[in-house]
Amino acid sequence: MQKVLRFHFGVLSRPKLHIFDKGAKHTPSGIRATIHGGTSFSGIYMGGMLGNIGSELIFPHNHQYNYEDHVRELKTTSGPGQNWLLHDMNYDNKEMIEWTMKNSNVVVNLLGPRKHLKNRKDFEWINITVPKRIAEACAKNPGVIRLIHFSACGANPHAESLDLQTKYIGEQEVLNAFPNATIFRPSVMVGDNDDFAYHWQVQKRYFHNFNIVPDNCQAKRQPIFVQDVAQAMLNALKMPETIGQTYELGGPHVYTLLECYEMFHNIVQRPPKLAHIDKQLLLKIAQYIPNWKYFNIDYILKHGDDMIVQQGSKTIDDLCVRPLSLTQALQNIFWDIQARYGGSSELYER
């Protein structure tokens, strides 16, 4: 009786990624990565982690000029001639998406919604449609071995936030199109120009040293230093067992938002000033004014949601990373702030 051999072309059907990370920027690592969303807060960290070991990097973006700060910083992530900035990126063009990863063996998706988005259609486009197209392009390209897709801690189809709802659906679409994908769900990331500690600073600057809060600030957060997330991403690329898995990435400690605010103020030695305003009133205000990065609908909706690592999930410990505590991470951020503002800025005045 003749035997029929059947091959499964799903998870683990692609060759193993071979990485050399003992060199420097000028030493080829074996990684050729396309990083979508490189102009985001975390993009330079993810690019820098790969570029520092000598990876070749491609950054598609749709900013108008390559000399914008968010774009030109990406040139520093790797050695000369080892990264390319592809401007005028159009994610409605599937052929263009395929072209950006034509010679890549790693794809990283950091794309997320801009803060001005208000309706579900826009959130679905950036959190579901675009990730699905990227995953489909990876599936069509036999050279792409690994896809790292960034979602968010707290992603849930029943979440109040449209961002968290659509991010969960986007995860499922990515895995359906490319089962080899590794999903990262980071909690709030802290680092220079982040959306957490930096968000707190800017609000104080614009609202006369007050922070606008819609509740009693008892929602939980598990902040993680963005550099630790970048290390987790590199480790995941080295570990074949991470293929097709989902990891929730959080720091070593869980805090309430009130405790985070108190910690921020303790470091700058000033008492907290929180302006408690009714949530429904804030939502109405946000509906009728342009969504600002530091005051928007999604910020109001997420404020009362816990964003912590769930029990039983795979965590950053499984990726062999011991993350910094929030206080250690904040020292890196606040030293920069104090140098920038001379330590006596109106940001910290009573």
# chains A, B, ... in the order shown; residues from 1 in each chain; ligands from 1
>>> select_by_dssp(residues="region 109-307 of chain A", states="helix (DSSP H, G or I)", output="number ranges by chain")
A: 120-140, 162-177, 197-206, 226-238, 240-242, 257-268, 279-288, 297-302
>>> select_by_dssp(residues="region 73-234 of chain A", states="strand (DSSP E or B)", output="list in words")
Asn83, Trp84, Leu85, Leu86, Val106, Val107, Val108, Asn109, Arg146, Leu147, Ile148, His149, Phe150, Thr182, Ile183, Phe184, Arg185, Pro186, Met189, Val190, Asn211, Ile212, Val213, Lys220, Arg221, Ile224 and Phe225 of chain A
>>> write_last_selection(atoms="N, CA and C atoms", output="compact mmCIF listing (two decimals), in the first residue's frame")
# COMPACT_ATOMS: atom_id res chain seq x y z
N ASN A 83 19.64 50.96 6.69
CA ASN A 83 18.20 51.18 6.83
C ASN A 83 17.68 52.08 5.73
N TRP A 84 16.39 51.91 5.44
CA TRP A 84 15.75 52.62 4.35
C TRP A 84 14.41 53.17 4.83
N LEU A 85 14.16 54.44 4.53
CA LEU A 85 12.90 55.08 4.87
C LEU A 85 12.05 55.16 3.61
N LEU A 86 10.94 54.45 3.61
CA LEU A 86 10.05 54.41 2.45
C LEU A 86 8.87 55.35 2.71
N VAL A 106 11.83 39.18 8.50
CA VAL A 106 11.12 39.54 9.73
C VAL A 106 10.23 40.75 9.43
N VAL A 107 9.01 40.72 9.95
CA VAL A 107 8.10 41.87 9.84
C VAL A 107 7.58 42.19 11.23
N VAL A 108 7.60 43.47 11.58
CA VAL A 108 7.10 43.93 12.88
C VAL A 108 6.00 44.94 12.62
N ASN A 109 4.85 44.75 13.23
CA ASN A 109 3.74 45.68 13.06
C ASN A 109 3.48 46.43 14.36
N ARG A 146 9.23 35.33 10.35
CA ARG A 146 8.60 35.75 11.59
C ARG A 146 7.81 37.05 11.41
N LEU A 147 6.67 37.10 12.08
CA LEU A 147 5.85 38.32 12.16
C LEU A 147 5.56 38.58 13.63
N ILE A 148 5.95 39.77 14.11
CA ILE A 148 5.63 40.20 15.47
C ILE A 148 4.55 41.26 15.37
N HIS A 149 3.39 40.96 15.92
CA HIS A 149 2.26 41.90 15.85
C HIS A 149 1.99 42.47 17.24
N PHE A 150 2.02 43.79 17.37
CA PHE A 150 1.79 44.45 18.66
C PHE A 150 0.32 44.81 18.81
N THR A 182 3.58 36.05 16.11
CA THR A 182 3.68 36.15 17.56
C THR A 182 3.00 37.44 17.98
N ILE A 183 2.05 37.34 18.91
CA ILE A 183 1.28 38.50 19.35
C ILE A 183 1.85 39.03 20.65
N PHE A 184 2.14 40.31 20.69
CA PHE A 184 2.56 40.98 21.92
C PHE A 184 1.43 41.88 22.41
N ARG A 185 1.10 41.74 23.69
CA ARG A 185 0.11 42.61 24.32
C ARG A 185 0.79 43.39 25.46
N PRO A 186 1.49 44.47 25.15
CA PRO A 186 2.15 45.22 26.22
C PRO A 186 1.14 46.05 27.02
N MET A 189 3.47 51.40 28.18
CA MET A 189 4.91 51.46 28.07
C MET A 189 5.41 52.84 28.48
N VAL A 190 6.51 52.85 29.22
CA VAL A 190 7.08 54.12 29.65
C VAL A 190 8.45 54.29 29.00
N ASN A 211 -4.04 67.60 36.49
CA ASN A 211 -4.32 66.50 35.57
C ASN A 211 -5.83 66.24 35.56
N ILE A 212 -6.40 66.12 34.37
CA ILE A 212 -7.84 65.90 34.21
C ILE A 212 -8.13 64.41 34.37
N VAL A 213 -8.98 64.04 35.33
CA VAL A 213 -9.31 62.63 35.54
C VAL A 213 -10.84 62.47 35.62
N LYS A 220 -6.23 49.74 37.44
CA LYS A 220 -4.88 49.21 37.64
C LYS A 220 -4.06 49.28 36.35
N ARG A 221 -2.78 49.53 36.54
CA ARG A 221 -1.82 49.55 35.45
C ARG A 221 -0.60 48.74 35.86
N ILE A 224 5.52 49.08 31.95
CA ILE A 224 6.73 48.36 31.56
C ILE A 224 7.61 49.30 30.75
N PHE A 225 8.91 49.24 31.01
CA PHE A 225 9.88 50.07 30.30
C PHE A 225 9.97 49.62 28.85
>>> residues_around(residues="Gly170 (chain A)", least_positions_apart="4", cutoff="10 Å", atoms="only C-alpha atoms", output="VMD selection string")
chain A and resid 124 to 132 149 151 155 164 to 166 174 to 176
>>> closest_residue(among="A:Thr27, A:Thr76, A:Ala33, A:Ile333", to="Asp192 (chain A)", atoms="only C-alpha atoms")
A:Ile333
>>> atom_distance(atom1="CA of Phe196 (chain A)", atom2="CA of Pro223 (chain A)")
8.8 Å
>>> residues_around(residues="region 264-278 of chain A", least_positions_apart="3", cutoff="7 Å", atoms="only C-alpha atoms", output="JSON, numbers by chain")
{"A": [209, 210, 211, 212, 213, 214, 215, 260, 261, 281, 282, 348, 350]}
>>> closest_residue(among="A:Asn62, A:Phe123, A:Leu249, A:Tyr206", to="Val226 (chain A)", atoms="only C-alpha atoms")
A:Leu249
>>> residues_around(residues="region 14-19 of chain A", least_positions_apart="5", cutoff="12 Å", atoms="only C-alpha atoms", output="PyMOL selection string")
chain A and resi 7-9+27-33+50+53-55+104-106+138-139+141-147+178-181+234-243
